[in-house]
Amino acid sequence: MKTVFEYTKGMEESVSTSYCPGCTHGIAHRLIMEVLEEKGVLKDTIGIAPVGCSIAAPRFMKVDMIEAFHGRAPAVASGVRRVHPDKYIFTYQGDGDLTSIGGNEILHAAERGEKFSTFFINNAIYGMTGGQMAPTTLIGQKATTAPMGRYVEKHGMPLKMSEIIAQCECAVFVERVALDTPAHVRQAKKAVQKAFEVQEKRLGFAFVEFLSTCPSNWGVPPAKAPDWLAENMIPYYPLGNFRCPEEVK
């Protein structure tokens, strides 16, 4: 019988997920590890995960991992790159981490053209700490620190990180994908492949933004979370490629 699906060797099989039902962190984990497995470089990879839901990533990803302080994953990855010039290096960061306390870190890493890949999970909320408003929380979206919803006059507009990073000349690959449908998941995997190809060719900084679900803090049933993402997040955070070098097209 032909095998049509296998458990990727990049994920720990014996560990049960700690993510909430309906959360798509697990899908993002698998895509990244699956690409690394296909490249045969699991033993040559170092990942950096900071504070947030992403702090659990080292439990599941079967590569060398480093825990970083909140927002500091790009700084740690920059140092790791200098010590290990031949390794595959990535950061795995949530929106509360990357866009708030880590906003300065990611911008400077992009402007320096640091040769690692950043995978950014945007679920429009602070997940691990209880559903506070994040810099990516949508207009009208309720949060524990914005019980009446976010509104422009008080909180400003949500940050569109892919568009911001794309303004950095040395950020050579920038793409926003979503994890709400099988078709979008397949697109997301292609973006991960290109991000690592950019790194292999030492072309510059690569950034992939995943629109992800957080049903627990959105207050929607897990089965409805993909629909909420499609109806609310994608209109404000449009999918697509913002920058891509000719060498990986």
# chains A, B, ... in the order shown; residues from 1 in each chain; ligands from 1
$ select_by_dssp --residues "region 64-120 of chain A" --states "strand (DSSP E or B)" --output "list in words"
Asp64, Met65, Ile66, Glu67, Tyr88, Ile89, Phe90, Thr91, Tyr92, Gln93, Gly94, Ser117, Thr118, Phe119 and Phe120 of chain A
$ residues_around --residues "region 9-15 of chain A" --least-positions-apart "3" --cutoff "8 Å" --atoms "only C-alpha atoms" --output "ChimeraX atom specification"
/A:29-30,33-34,36-37,42,59-63
$ closest_residue --among "A:Pro182, A:Pro85, A:Gly94, A:Pro238" --to "Pro226 (chain A)" --atoms "only C-alpha atoms"
A:Pro182
$ closest_atom_pairs --of "region 51-120 of chain A" --to "region 136-158 of chain A" --cutoff "8 Å" --atoms "only C-alpha atoms" --output "JSON lines"
{"residue": "A:Asp95", "atom": "CA", "partner": "A:Thr136", "partner_atom": "CA", "distance": 6.7}
{"residue": "A:Gly96", "atom": "CA", "partner": "A:Thr136", "partner_atom": "CA", "distance": 7.8}
{"residue": "A:Thr99", "atom": "CA", "partner": "A:Thr136", "partner_atom": "CA", "distance": 7.6}
$ residues_around --residues "Ser212 (chain A)" --least-positions-apart "2" --cutoff "6 Å" --atoms "only C-alpha atoms" --output "list of chain:residue names"
A:Thr24, A:Asn122, A:Asn123, A:Leu179, A:Phe210
$ closest_residue --among "A:Val177, A:Gly219, A:Ala230, A:Ala68" --to "Ile125 (chain A)" --atoms "only C-alpha atoms"
A:Gly219
$ decode --residues "region 18-113 of chain A" --atoms "C-alpha atoms" --output "short mmCIF file (atom, residue, chain, number, x, y, z; two decimals), in the first residue's frame"
data_model
loop_
_atom_site.label_atom_id
_atom_site.label_comp_id
_atom_site.auth_asym_id
_atom_site.auth_seq_id
_atom_site.Cartn_x
_atom_site.Cartn_y
_atom_site.Cartn_z
CA SER A 18 -0.18 21.56 25.12
CA TYR A 19 -1.90 23.97 22.75
CA CYS A 20 -5.61 24.72 23.04
CA PRO A 21 -8.12 22.91 20.81
CA GLY A 22 -8.34 24.68 17.46
CA CYS A 23 -4.96 26.43 17.79
CA THR A 24 -2.87 26.26 14.62
CA HIS A 25 0.55 26.55 16.26
CA GLY A 26 0.88 22.81 15.71
CA ILE A 27 0.36 23.17 11.97
CA ALA A 28 3.08 25.83 11.78
CA HIS A 29 5.41 23.58 13.81
CA ARG A 30 4.88 20.69 11.45
CA LEU A 31 5.41 22.76 8.28
CA ILE A 32 8.74 24.09 9.49
CA MET A 33 9.97 20.70 10.70
CA GLU A 34 8.68 18.94 7.59
CA VAL A 35 10.66 21.27 5.31
CA LEU A 36 13.80 20.81 7.39
CA GLU A 37 13.33 17.04 7.33
CA GLU A 38 12.90 17.06 3.55
CA LYS A 39 16.14 19.02 3.27
CA GLY A 40 17.87 16.51 5.54
CA VAL A 41 19.14 19.21 7.89
CA LEU A 42 17.37 18.53 11.20
CA LYS A 43 20.73 17.88 12.89
CA ASP A 44 22.14 21.10 11.43
CA THR A 45 19.37 23.41 12.63
CA ILE A 46 19.08 25.75 15.61
CA GLY A 47 15.76 27.34 16.51
CA ILE A 48 15.12 30.21 18.92
CA ALA A 49 11.80 30.56 20.72
CA PRO A 50 11.04 33.41 23.16
CA VAL A 51 8.29 34.00 25.72
CA GLY A 52 4.68 33.44 24.66
CA CYS A 53 2.85 30.38 23.36
CA SER A 54 5.97 29.81 21.26
CA ILE A 55 7.85 28.99 24.46
CA ALA A 56 6.45 25.46 24.13
CA ALA A 57 8.04 24.92 20.70
CA PRO A 58 11.19 23.21 22.05
CA ARG A 59 8.97 20.45 23.50
CA PHE A 60 7.77 19.54 20.03
CA MET A 61 10.48 20.46 17.54
CA LYS A 62 13.21 17.83 17.26
CA VAL A 63 16.08 20.23 16.59
CA ASP A 64 18.45 22.14 18.87
CA MET A 65 16.44 24.96 20.45
CA ILE A 66 17.29 28.00 22.56
CA GLU A 67 14.87 29.85 24.83
CA ALA A 68 15.19 33.63 24.57
CA PHE A 69 13.92 36.49 26.71
CA HIS A 70 10.69 38.13 25.60
CA GLY A 71 11.24 39.80 22.22
CA ARG A 72 14.94 38.97 22.06
CA ALA A 73 14.91 35.99 19.70
CA PRO A 74 16.31 38.02 16.74
CA ALA A 75 19.24 39.21 18.87
CA VAL A 76 19.97 35.66 20.00
CA ALA A 77 19.67 34.37 16.44
CA SER A 78 22.09 37.06 15.24
CA GLY A 79 24.64 35.87 17.76
CA VAL A 80 24.08 32.22 16.90
CA ARG A 81 24.60 32.99 13.22
CA ARG A 82 28.02 34.49 13.94
CA VAL A 83 29.07 31.46 15.96
CA HIS A 84 27.55 28.90 13.58
CA PRO A 85 27.84 30.28 10.04
CA ASP A 86 26.85 26.98 8.41
CA LYS A 87 23.76 26.11 10.45
CA TYR A 88 20.10 26.57 9.54
CA ILE A 89 18.76 29.13 12.01
CA PHE A 90 15.22 30.33 12.63
CA THR A 91 13.20 32.24 15.18
CA TYR A 92 9.64 31.25 16.00
CA GLN A 93 7.74 34.20 17.49
CA GLY A 94 4.21 35.26 18.36
CA ASP A 95 2.64 38.63 17.65
CA GLY A 96 2.75 39.86 21.24
CA ASP A 97 6.44 39.04 21.38
CA LEU A 98 7.57 40.19 17.95
CA THR A 99 5.45 43.31 17.45
CA SER A 100 5.57 44.70 20.97
CA ILE A 101 8.65 44.25 23.15
CA GLY A 102 10.55 42.71 20.24
CA GLY A 103 9.60 45.28 17.60
CA ASN A 104 12.94 47.03 17.72
CA GLU A 105 14.85 43.74 17.62
CA ILE A 106 13.13 42.41 14.50
CA LEU A 107 13.45 45.68 12.57
CA HIS A 108 17.17 45.94 13.17
CA ALA A 109 17.73 42.28 12.33
CA ALA A 110 15.88 42.87 9.05
CA GLU A 111 17.82 46.04 8.27
CA ARG A 112 21.11 44.27 8.97
CA GLY A 113 20.09 41.52 6.60
#
